[in-house]
$ cat structure.pdb   # PDB, C-alpha atoms and all ligand atoms
ATOM      1  CA  MET A   1       0.000   0.000   0.000
ATOM      2  CA  ALA A   2       1.280   3.463  -0.847
ATOM      3  CA  ALA A   3       2.448   5.605   2.041
ATOM      4  CA  LYS A   4      -0.124   8.329   2.582
ATOM      5  CA  ILE A   5       0.937  10.392   5.573
ATOM      6  CA  ARG A   6       3.072  13.394   4.621
ATOM      7  CA  LEU A   7       5.256  15.004   7.220
ATOM      8  CA  TYR A   8       7.196  18.252   7.072
ATOM      9  CA  VAL A   9      10.555  17.885   8.848
ATOM     10  CA  ASP A  10      13.170  20.557   9.362
ATOM     11  CA  HIS A  11      16.039  18.157   8.734
ATOM     12  CA  PRO A  12      18.345  17.184   5.841
ATOM     13  CA  LEU A  13      16.985  14.371   3.682
ATOM     14  CA  ASP A  14      19.126  11.910   1.725
ATOM     15  CA  GLU A  15      19.545   8.218   0.965
ATOM     16  CA  GLY A  16      19.600   6.310   4.271
ATOM     17  CA  GLN A  17      19.414   9.545   6.274
ATOM     18  CA  ALA A  18      18.023   9.171   9.794
ATOM     19  CA  VAL A  19      15.413  11.777  10.663
ATOM     20  CA  PRO A  20      14.585  12.277  14.345
ATOM     21  CA  LEU A  21      10.945  12.989  15.178
ATOM     22  CA  SER A  22       9.669  15.618  17.575
ATOM     23  CA  ARG A  23       7.385  14.675  20.435
ATOM     24  CA  ASP A  24       4.354  16.007  18.530
ATOM     25  CA  GLN A  25       5.260  14.121  15.365
ATOM     26  CA  ALA A  26       5.815  10.897  17.324
ATOM     27  CA  HIS A  27       2.478  11.347  19.063
ATOM     28  CA  TYR A  28       0.750  11.893  15.725
ATOM     29  CA  LEU A  29       2.366   8.944  13.912
ATOM     30  CA  PHE A  30       2.402   6.352  16.666
ATOM     31  CA  ALA A  31      -0.498   7.255  18.975
ATOM     32  CA  VAL A  32      -2.997   8.931  16.624
ATOM     33  CA  MET A  33      -2.234   7.115  13.339
ATOM     34  CA  ARG A  34      -1.057   3.939  15.102
ATOM     35  CA  LEU A  35       1.977   3.367  12.882
ATOM     36  CA  GLY A  36       4.706   1.036  14.074
ATOM     37  CA  VAL A  37       8.276   0.129  13.142
ATOM     38  CA  GLY A  38       8.487  -0.659   9.404
ATOM     39  CA  ALA A  39       5.582   1.594   8.404
ATOM     40  CA  GLU A  40       6.189   4.096   5.627
ATOM     41  CA  VAL A  41       5.495   7.823   5.441
ATOM     42  CA  LEU A  42       6.446  10.624   3.080
ATOM     43  CA  VAL A  43       8.736  13.369   4.328
ATOM     44  CA  PHE A  44       9.812  16.702   2.845
ATOM     45  CA  ASN A  45      11.744  19.653   4.188
ATOM     46  CA  GLY A  46      10.899  22.462   1.778
ATOM     47  CA  ARG A  47      14.371  22.531   0.218
ATOM     48  CA  SER A  48      14.974  19.004  -1.151
ATOM     49  CA  PRO A  49      12.913  16.365  -2.927
ATOM     50  CA  GLU A  50      10.245  14.436  -1.058
ATOM     51  CA  TRP A  51      11.319  11.045   0.306
ATOM     52  CA  ARG A  52       9.637   7.829   1.298
ATOM     53  CA  ALA A  53      10.833   7.002   4.783
ATOM     54  CA  GLU A  54      10.472   3.997   7.032
ATOM     55  CA  VAL A  55       9.814   4.079  10.747
ATOM     56  CA  ALA A  56      12.960   2.696  12.419
ATOM     57  CA  GLU A  57      12.132   3.628  16.024
ATOM     58  CA  ALA A  58       8.727   4.409  17.464
ATOM     59  CA  GLY A  59       8.503   5.794  20.990
ATOM     60  CA  LYS A  60       6.103   7.815  23.108
ATOM     61  CA  LYS A  61       8.275  10.913  23.103
ATOM     62  CA  GLY A  62      10.144  10.540  19.840
ATOM     63  CA  GLY A  63      11.208   8.242  17.066
ATOM     64  CA  VAL A  64      13.411   7.908  14.012
ATOM     65  CA  LEU A  65      12.620   7.652  10.312
ATOM     66  CA  LEU A  66      15.041   6.386   7.656
ATOM     67  CA  CYS A  67      14.905   7.852   4.134
ATOM     68  CA  ARG A  68      14.503   5.075   1.566
ATOM     69  CA  ALA A  69      13.700   6.543  -1.857
ATOM     70  CA  GLN A  70      12.969   9.868  -3.512
ATOM     71  CA  THR A  71       9.323  10.168  -4.423
ATOM     72  CA  LYS A  72       8.914  13.699  -5.802
ATOM     73  CA  PRO A  73      11.232  16.520  -6.893
ATOM     74  CA  LEU A  74      11.242  19.844  -5.055
ATOM     75  CA  HIS A  75       8.731  22.071  -6.793
ATOM     76  CA  PRO A  76       9.039  25.677  -5.618
ATOM     77  CA  PRO A  77       6.134  27.982  -6.453
ATOM     78  CA  PRO A  78       6.567  31.081  -8.631
ATOM     79  CA  ASP A  79       8.173  34.095  -6.948
ATOM     80  CA  LEU A  80       4.914  35.469  -5.592
ATOM     81  CA  TRP A  81       4.361  37.168  -2.237
ATOM     82  CA  LEU A  82       0.990  37.620  -0.593
ATOM     83  CA  LEU A  83       0.595  40.772   1.496
ATOM     84  CA  PHE A  84      -2.607  40.906   3.501
ATOM     85  CA  ALA A  85      -3.995  42.807   6.462
ATOM     86  CA  PRO A  86      -4.802  40.306   9.224
ATOM     87  CA  ILE A  87      -8.460  40.109  10.195
ATOM     88  CA  LYS A  88     -10.269  37.923  12.703
ATOM     89  CA  LYS A  89      -8.270  34.916  13.860
ATOM     90  CA  ALA A  90     -10.133  32.188  11.972
ATOM     91  CA  ARG A  91     -10.142  34.207   8.758
ATOM     92  CA  THR A  92      -6.449  34.996   9.060
ATOM     93  CA  ASP A  93      -5.755  31.275   9.535
ATOM     94  CA  PHE A  94      -7.848  30.619   6.432
ATOM     95  CA  ILE A  95      -5.859  33.128   4.361
ATOM     96  CA  VAL A  96      -2.545  31.515   5.347
ATOM     97  CA  GLU A  97      -3.827  28.015   4.635
ATOM     98  CA  LYS A  98      -5.214  29.027   1.227
ATOM     99  CA  ALA A  99      -2.097  31.001   0.297
ATOM    100  CA  VAL A 100      -0.012  27.853   0.825
ATOM    101  CA  GLU A 101      -2.370  25.722  -1.269
ATOM    102  CA  MET A 102      -2.517  28.361  -3.999
ATOM    103  CA  GLY A 103       1.263  28.495  -4.256
ATOM    104  CA  ALA A 104       2.443  31.737  -2.675
ATOM    105  CA  ALA A 105       6.187  31.709  -2.046
ATOM    106  CA  ARG A 106       6.065  34.149   0.904
ATOM    107  CA  ILE A 107       3.240  35.288   3.133
ATOM    108  CA  LEU A 108       3.491  38.741   4.699
ATOM    109  CA  PRO A 109       0.889  39.991   7.176
ATOM    110  CA  VAL A 110       0.870  43.787   6.971
ATOM    111  CA  GLN A 111      -0.484  46.469   9.228
ATOM    112  CA  THR A 112      -2.420  49.040   7.221
ATOM    113  CA  ASP A 113      -4.138  52.221   8.415
ATOM    114  CA  HIS A 114      -7.419  50.331   8.902
ATOM    115  CA  THR A 115      -6.092  46.956  10.017
ATOM    116  CA  ASN A 116      -8.294  45.579  12.799
ATOM    117  CA  ALA A 117      -5.870  43.008  14.199
ATOM    118  CA  GLU A 118      -2.913  44.669  15.871
ATOM    119  CA  ARG A 119      -1.365  41.378  16.865
ATOM    120  CA  ILE A 120      -0.960  38.031  15.219
ATOM    121  CA  ARG A 121       0.529  34.759  16.393
ATOM    122  CA  PRO A 122       3.221  33.983  13.810
ATOM    123  CA  ASP A 123       3.924  30.554  15.378
ATOM    124  CA  ARG A 124       0.262  29.635  15.032
ATOM    125  CA  LEU A 125       0.201  30.857  11.415
ATOM    126  CA  ARG A 126       3.360  28.879  10.642
ATOM    127  CA  ALA A 127       1.779  25.737  12.109
ATOM    128  CA  HIS A 128      -1.192  26.299   9.784
ATOM    129  CA  ALA A 129       1.185  26.699   6.848
ATOM    130  CA  VAL A 130       2.879  23.377   7.695
ATOM    131  CA  GLU A 131      -0.464  21.598   7.954
ATOM    132  CA  ALA A 132      -1.584  23.037   4.624
ATOM    133  CA  VAL A 133       1.558  22.027   2.747
ATOM    134  CA  GLU A 134       1.470  18.503   4.217
ATOM    135  CA  GLN A 135      -2.124  18.179   3.096
ATOM    136  CA  CYS A 136      -1.872  19.656  -0.421
ATOM    137  CA  GLY A 137       1.099  17.612  -1.610
ATOM    138  CA  GLY A 138       3.394  20.614  -1.932
ATOM    139  CA  THR A 139       7.123  20.218  -1.378
ATOM    140  CA  TYR A 140       7.797  23.883  -0.583
ATOM    141  CA  LEU A 141       6.924  25.593   2.711
ATOM    142  CA  PRO A 142       6.372  29.331   2.275
ATOM    143  CA  GLU A 143       7.809  31.654   4.866
ATOM    144  CA  VAL A 144       5.248  33.421   7.062
ATOM    145  CA  ALA A 145       6.784  36.770   8.008
ATOM    146  CA  ASP A 146       6.122  38.705  11.199
ATOM    147  CA  LEU A 147       3.574  41.518  11.086
ATOM    148  CA  GLN A 148       5.068  44.675   9.613
ATOM    149  CA  LYS A 149       3.793  48.090   8.632
ATOM    150  CA  LEU A 150       2.686  48.383   5.006
ATOM    151  CA  SER A 151       4.193  51.886   4.822
ATOM    152  CA  ARG A 152       7.571  50.553   5.957
ATOM    153  CA  LEU A 153       7.421  47.723   3.447
ATOM    154  CA  LEU A 154       6.640  50.189   0.652
ATOM    155  CA  ASP A 155       9.542  52.449   1.756
ATOM    156  CA  ASP A 156      11.972  49.566   1.144
ATOM    157  CA  TRP A 157      10.159  48.016  -1.793
ATOM    158  CA  PRO A 158      12.473  46.013  -4.109
ATOM    159  CA  GLN A 159      12.033  47.891  -7.380
ATOM    160  CA  GLU A 160      12.162  44.790  -9.598
ATOM    161  CA  ARG A 161       9.099  43.323  -7.849
ATOM    162  CA  GLN A 162       5.693  44.281  -9.195
ATOM    163  CA  LEU A 163       2.700  44.712  -6.949
ATOM    164  CA  MET A 164      -0.814  43.652  -7.876
ATOM    165  CA  TRP A 165      -2.914  45.955  -5.737
ATOM    166  CA  CYS A 166      -6.451  44.658  -5.224
ATOM    167  CA  ASP A 167      -8.234  48.004  -5.106
ATOM    168  CA  GLU A 168     -11.835  47.856  -3.935
ATOM    169  CA  ALA A 169     -12.429  51.303  -5.472
ATOM    170  CA  LEU A 170     -12.157  49.552  -8.861
ATOM    171  CA  VAL A 171     -15.074  47.199  -8.108
ATOM    172  CA  GLY A 172     -16.759  46.488 -11.433
ATOM    173  CA  ALA A 173     -14.160  48.408 -13.453
ATOM    174  CA  LYS A 174     -11.970  46.864 -16.133
ATOM    175  CA  ALA A 175      -8.602  46.679 -14.435
ATOM    176  CA  THR A 176      -6.837  43.412 -15.212
ATOM    177  CA  LEU A 177      -3.416  41.816 -15.435
ATOM    178  CA  GLU A 178      -3.664  41.736 -19.246
ATOM    179  CA  ALA A 179      -0.621  43.935 -19.886
ATOM    180  CA  ALA A 180       1.392  42.502 -16.976
ATOM    181  CA  GLU A 181       4.759  40.805 -17.465
ATOM    182  CA  PRO A 182       5.838  37.671 -15.588
ATOM    183  CA  GLY A 183       8.600  38.008 -12.980
ATOM    184  CA  PRO A 184       8.735  38.622  -9.247
ATOM    185  CA  TRP A 185       5.332  39.792  -8.026
ATOM    186  CA  ALA A 186       3.369  40.476  -4.875
ATOM    187  CA  ILE A 187      -0.376  40.684  -4.263
ATOM    188  CA  LEU A 188      -1.816  43.199  -1.785
ATOM    189  CA  ILE A 189      -5.176  42.623  -0.086
ATOM    190  CA  GLY A 190      -6.625  45.230   2.253
ATOM    191  CA  PRO A 191      -8.519  44.860   5.536
ATOM    192  CA  GLU A 192     -12.291  44.892   6.041
ATOM    193  CA  GLY A 193     -12.167  48.682   6.204
ATOM    194  CA  GLY A 194     -10.340  48.958   2.879
ATOM    195  CA  PHE A 195      -7.355  51.237   2.208
ATOM    196  CA  SER A 196      -7.084  54.756   3.639
ATOM    197  CA  GLU A 197      -6.974  57.836   1.401
ATOM    198  CA  ALA A 198      -3.263  58.219   2.111
ATOM    199  CA  GLU A 199      -2.549  54.587   1.201
ATOM    200  CA  GLN A 200      -4.567  54.873  -1.997
ATOM    201  CA  THR A 201      -2.689  58.004  -3.039
ATOM    202  CA  ARG A 202       0.639  56.398  -2.367
ATOM    203  CA  LEU A 203      -0.181  53.122  -4.133
ATOM    204  CA  ARG A 204      -1.634  54.903  -7.148
ATOM    205  CA  ALA A 205       1.611  56.866  -7.585
ATOM    206  CA  ALA A 206       4.040  53.945  -7.250
ATOM    207  CA  VAL A 207       5.571  52.767 -10.560
ATOM    208  CA  PHE A 208       5.706  49.122  -9.459
ATOM    209  CA  VAL A 209       1.946  48.996  -8.723
ATOM    210  CA  THR A 210      -0.738  47.523 -10.997
ATOM    211  CA  PRO A 211      -4.220  48.238  -9.578
ATOM    212  CA  VAL A 212      -6.575  45.347 -10.251
ATOM    213  CA  SER A 213     -10.308  44.767  -9.892
ATOM    214  CA  LEU A 214     -11.657  41.461  -8.605
ATOM    215  CA  GLY A 215     -14.990  41.802 -10.346
ATOM    216  CA  PRO A 216     -18.311  43.549  -9.792
ATOM    217  CA  ARG A 217     -18.820  42.582  -6.131
ATOM    218  CA  ILE A 218     -16.923  43.575  -2.980
ATOM    219  CA  LEU A 219     -15.299  40.424  -1.627
ATOM    220  CA  ARG A 220     -14.352  39.794   1.967
ATOM    221  CA  ALA A 221     -10.618  39.912   2.486
ATOM    222  CA  ASP A 222     -10.265  36.121   2.791
ATOM    223  CA  THR A 223     -12.249  35.550  -0.418
ATOM    224  CA  ALA A 224     -10.298  38.316  -2.145
ATOM    225  CA  ALA A 225      -6.993  36.629  -1.233
ATOM    226  CA  VAL A 226      -7.987  33.333  -2.859
ATOM    227  CA  ALA A 227      -9.513  35.062  -5.908
ATOM    228  CA  ALA A 228      -6.421  37.224  -6.407
ATOM    229  CA  LEU A 229      -4.062  34.249  -6.107
ATOM    230  CA  ALA A 230      -6.132  32.304  -8.660
ATOM    231  CA  LEU A 231      -6.178  35.249 -11.065
ATOM    232  CA  TRP A 232      -2.420  35.720 -10.785
ATOM    233  CA  GLN A 233      -1.591  32.011 -11.064
ATOM    234  CA  ALA A 234      -3.797  31.649 -14.144
ATOM    235  CA  THR A 235      -2.391  34.759 -15.860
ATOM    236  CA  LEU A 236       1.269  34.816 -14.865
ATOM    237  CA  GLY A 237       1.963  31.831 -12.635
ATOM    238  CA  ASP A 238       2.080  28.041 -12.600
ATOM    239  CA  TRP A 239      -1.481  27.414 -13.746
ATOM    240  CA  ARG A 240      -0.566  28.405 -17.282
TER     241      ARG A 240
HETATM  242  N1  LIG B   1     -14.677  48.020   3.195
HETATM  243  C1  LIG B   1     -14.193  48.083   1.860
HETATM  244  C2  LIG B   1     -13.985  46.679   1.275
HETATM  245  C3  LIG B   1     -12.812  45.941   1.792
HETATM  246  S1  LIG B   1     -12.777  44.353   1.117
HETATM  247  C4  LIG B   1     -15.229  48.755   0.998
HETATM  248  O1  LIG B   1     -16.400  48.603   1.265
HETATM  249  O2  LIG B   1     -14.829  49.412   0.030
HETATM  250  C5  LIG B   1     -11.193  43.802   1.617
HETATM  251  C6  LIG B   1     -10.138  43.845   0.545
HETATM  252  O3  LIG B   1     -10.427  42.888  -0.460
HETATM  253  C7  LIG B   1      -9.976  45.143  -0.193
HETATM  254  O4  LIG B   1      -9.159  46.062   0.497
HETATM  255  C8  LIG B   1      -9.358  44.710  -1.510
HETATM  256  O5  LIG B   1      -7.955  44.529  -1.385
HETATM  257  C9  LIG B   1     -10.013  43.372  -1.733
HETATM  258  N2  LIG B   1     -11.201  43.435  -2.589
HETATM  259  C10 LIG B   1     -12.458  43.035  -2.274
HETATM  260  N3  LIG B   1     -13.289  43.148  -3.332
HETATM  261  C11 LIG B   1     -12.561  43.640  -4.353
HETATM  262  C12 LIG B   1     -12.838  43.955  -5.721
HETATM  263  N4  LIG B   1     -14.054  43.789  -6.247
HETATM  264  N5  LIG B   1     -11.823  44.436  -6.487
HETATM  265  C13 LIG B   1     -10.581  44.603  -5.974
HETATM  266  N6  LIG B   1     -10.252  44.310  -4.684
HETATM  267  C14 LIG B   1     -11.222  43.832  -3.889
END

$ encode --input "structure.pdb" --output "structure tokens"
Amino acid sequence: MAAKIRLYVDHPLDEGQAVPLSRDQAHYLFAVMRLGVGAEVLVFNGRSPEWRAEVAEAGKKGGVLLCRAQTKPLHPPPDLWLLFAPIKKARTDFIVEKAVEMGAARILPVQTDHTNAERIRPDRLRAHAVEAVEQCGGTYLPEVADLQKLSRLLDDWPQERQLMWCDEALVGAKATLEAAEPGPWAILIGPEGGFSEAEQTRLRAAVFVTPVSLGPRILRADTAAVAALALWQATLGDWR
């Protein structure tokens, strides 16, 4: 039977390599999933191919896997960042999970003038990212950055990176990615309150910004994130 469980491990992977398991991973594999010595799982570390690994030691507080064979090459997503203003906890978790599935390379929570959530739990968001990549078959784990100010990020913006600004003021207008060139990109999604006048003025003036409409209805931020990622992937990314 094919190994089904996929596990992210922060450890080098290679032929015959022993991979120690954390307490949580051991609990999951041996107590929850009831695997024993000799069982097979898939492991990946976000920087090498995926491997089939065999349980060599199974304990209550830890265990060891042995890499047996490569099963999938590393497949990094396109160079796409997702910038979003964190909202309520469950919806922020949703955005991170969906961004991983949709193939964002980096996830950056940003504080905008109208951002409702002043604090986020990056460790919790990273745990969601790990769960999402294990589940969706991806081999690449996007970085989840700490919360930072949008204005600061724009001050230091890397000029070669283009920014797809999802601008709710363009609801229903024709503002697409039609003329956009592939390359390093970022998507920006605003908070429930939208962007402030000052932010709009600044974004409209920036040469690296392409303002985009997401259709004739105002979407909630979590919906907008998924829609924007799909639009970008289909036009410029790895859906083509
Ligand atoms: N309160 C705002 C809407 C915010 S929606 C208002 O009523 O105008 C949250 C975010 O989703 C927006 O900041 C924008 O980035 C994105 N968004 C939602 N619907 C959109 C649309 N039709 N076009 C472009 N961006 C949209």

$ closest_residue --input "structure.pdb" --among "A:Leu83, A:Leu154, A:Ile107, A:Ala127" --to "ligand LIG 1 (chain B)" --atoms "all atoms listed in the file"
A:Leu83

$ residues_near_ligand --input "structure.pdb" --ligand "ligand LIG 1 (chain B)" --cutoff "7 Å" --atoms "all atoms listed in the file" --output "list of chain:residue names"
A:Trp165, A:Cys166, A:Asp167, A:Glu168, A:Ala169, A:Leu170, A:Val171, A:Gly172, A:Leu188, A:Ile189, A:Gly190, A:Pro191, A:Glu192, A:Gly193, A:Gly194, A:Phe195, A:Val212, A:Ser213, A:Leu214, A:Gly215, A:Pro216, A:Arg217, A:Ile218, A:Leu219, A:Arg220, A:Ala221, A:Ala224

$ residues_around --input "structure.pdb" --residues "His128 (chain A)" --least-positions-apart "5" --cutoff "8 Å" --atoms "only C-alpha atoms" --output "list in words"
Asp93, Val96 and Glu97 of chain A

$ resolve_selection --input "structure.pdb" --expression "the PyMOL selection byres (((chain A and resi 118-122) around 12) and not hetatm)" --output "JSON, numbers by chain"
{"A": [85, 86, 87, 88, 89, 90, 91, 92, 93, 96, 107, 108, 109, 110, 111, 112, 113, 114, 115, 116, 117, 123, 124, 125, 126, 127, 128, 129, 143, 144, 145, 146, 147, 148, 149, 191]}

$ resolve_selection --input "structure.pdb" --expression "the PyMOL selection byres (((chain A and resi 81) around 10) and not hetatm)" --output "number ranges by chain"
A: 78-80, 82-84, 99, 103-108, 142-143, 161, 163, 184-188, 229

$ axis_aligned_box --input "structure.pdb" --around "region 96-106 of chain A" --padding-each-side "5 Å" --output "JSON"
{"center_x": 0.5, "center_y": 29.9, "center_z": 0.5, "size_x": 21.4, "size_y": 18.4, "size_z": 19.6}

$ atom_distance --input "structure.pdb" --atom1 "CA of Tyr28 (chain A)" --atom2 "CA of Pro77 (chain A)"
27.9 Å

$ decode --input "structure.pdb" --residues "region 139-187 of chain A" --atoms "C-alpha atoms" --output "mmCIF file, in the first residue's frame"
data_model
loop_
_atom_site.group_PDB
_atom_site.id
_atom_site.type_symbol
_atom_site.label_atom_id
_atom_site.label_comp_id
_atom_site.auth_asym_id
_atom_site.auth_seq_id
_atom_site.Cartn_x
_atom_site.Cartn_y
_atom_site.Cartn_z
ATOM 1 C CA THR A 139 7.123 20.218 -1.378
ATOM 2 C CA TYR A 140 7.797 23.883 -0.583
ATOM 3 C CA LEU A 141 6.924 25.593 2.711
ATOM 4 C CA PRO A 142 6.372 29.331 2.275
ATOM 5 C CA GLU A 143 7.809 31.654 4.866
ATOM 6 C CA VAL A 144 5.248 33.421 7.062
ATOM 7 C CA ALA A 145 6.784 36.770 8.008
ATOM 8 C CA ASP A 146 6.122 38.705 11.199
ATOM 9 C CA LEU A 147 3.574 41.518 11.086
ATOM 10 C CA GLN A 148 5.068 44.675 9.613
ATOM 11 C CA LYS A 149 3.793 48.090 8.632
ATOM 12 C CA LEU A 150 2.686 48.383 5.006
ATOM 13 C CA SER A 151 4.193 51.886 4.822
ATOM 14 C CA ARG A 152 7.571 50.553 5.957
ATOM 15 C CA LEU A 153 7.421 47.723 3.447
ATOM 16 C CA LEU A 154 6.640 50.189 0.652
ATOM 17 C CA ASP A 155 9.542 52.449 1.756
ATOM 18 C CA ASP A 156 11.972 49.566 1.144
ATOM 19 C CA TRP A 157 10.159 48.016 -1.793
ATOM 20 C CA PRO A 158 12.473 46.013 -4.109
ATOM 21 C CA GLN A 159 12.033 47.891 -7.380
ATOM 22 C CA GLU A 160 12.162 44.790 -9.598
ATOM 23 C CA ARG A 161 9.099 43.323 -7.849
ATOM 24 C CA GLN A 162 5.693 44.281 -9.195
ATOM 25 C CA LEU A 163 2.700 44.712 -6.949
ATOM 26 C CA MET A 164 -0.814 43.652 -7.876
ATOM 27 C CA TRP A 165 -2.914 45.955 -5.737
ATOM 28 C CA CYS A 166 -6.451 44.658 -5.224
ATOM 29 C CA ASP A 167 -8.234 48.004 -5.106
ATOM 30 C CA GLU A 168 -11.835 47.856 -3.935
ATOM 31 C CA ALA A 169 -12.429 51.303 -5.472
ATOM 32 C CA LEU A 170 -12.157 49.552 -8.861
ATOM 33 C CA VAL A 171 -15.074 47.199 -8.108
ATOM 34 C CA GLY A 172 -16.759 46.488 -11.433
ATOM 35 C CA ALA A 173 -14.160 48.408 -13.453
ATOM 36 C CA LYS A 174 -11.970 46.864 -16.133
ATOM 37 C CA ALA A 175 -8.602 46.679 -14.435
ATOM 38 C CA THR A 176 -6.837 43.412 -15.212
ATOM 39 C CA LEU A 177 -3.416 41.816 -15.435
ATOM 40 C CA GLU A 178 -3.664 41.736 -19.246
ATOM 41 C CA ALA A 179 -0.621 43.935 -19.886
ATOM 42 C CA ALA A 180 1.392 42.502 -16.976
ATOM 43 C CA GLU A 181 4.759 40.805 -17.465
ATOM 44 C CA PRO A 182 5.838 37.671 -15.588
ATOM 45 C CA GLY A 183 8.600 38.008 -12.980
ATOM 46 C CA PRO A 184 8.735 38.622 -9.247
ATOM 47 C CA TRP A 185 5.332 39.792 -8.026
ATOM 48 C CA ALA A 186 3.369 40.476 -4.875
ATOM 49 C CA ILE A 187 -0.376 40.684 -4.263
#
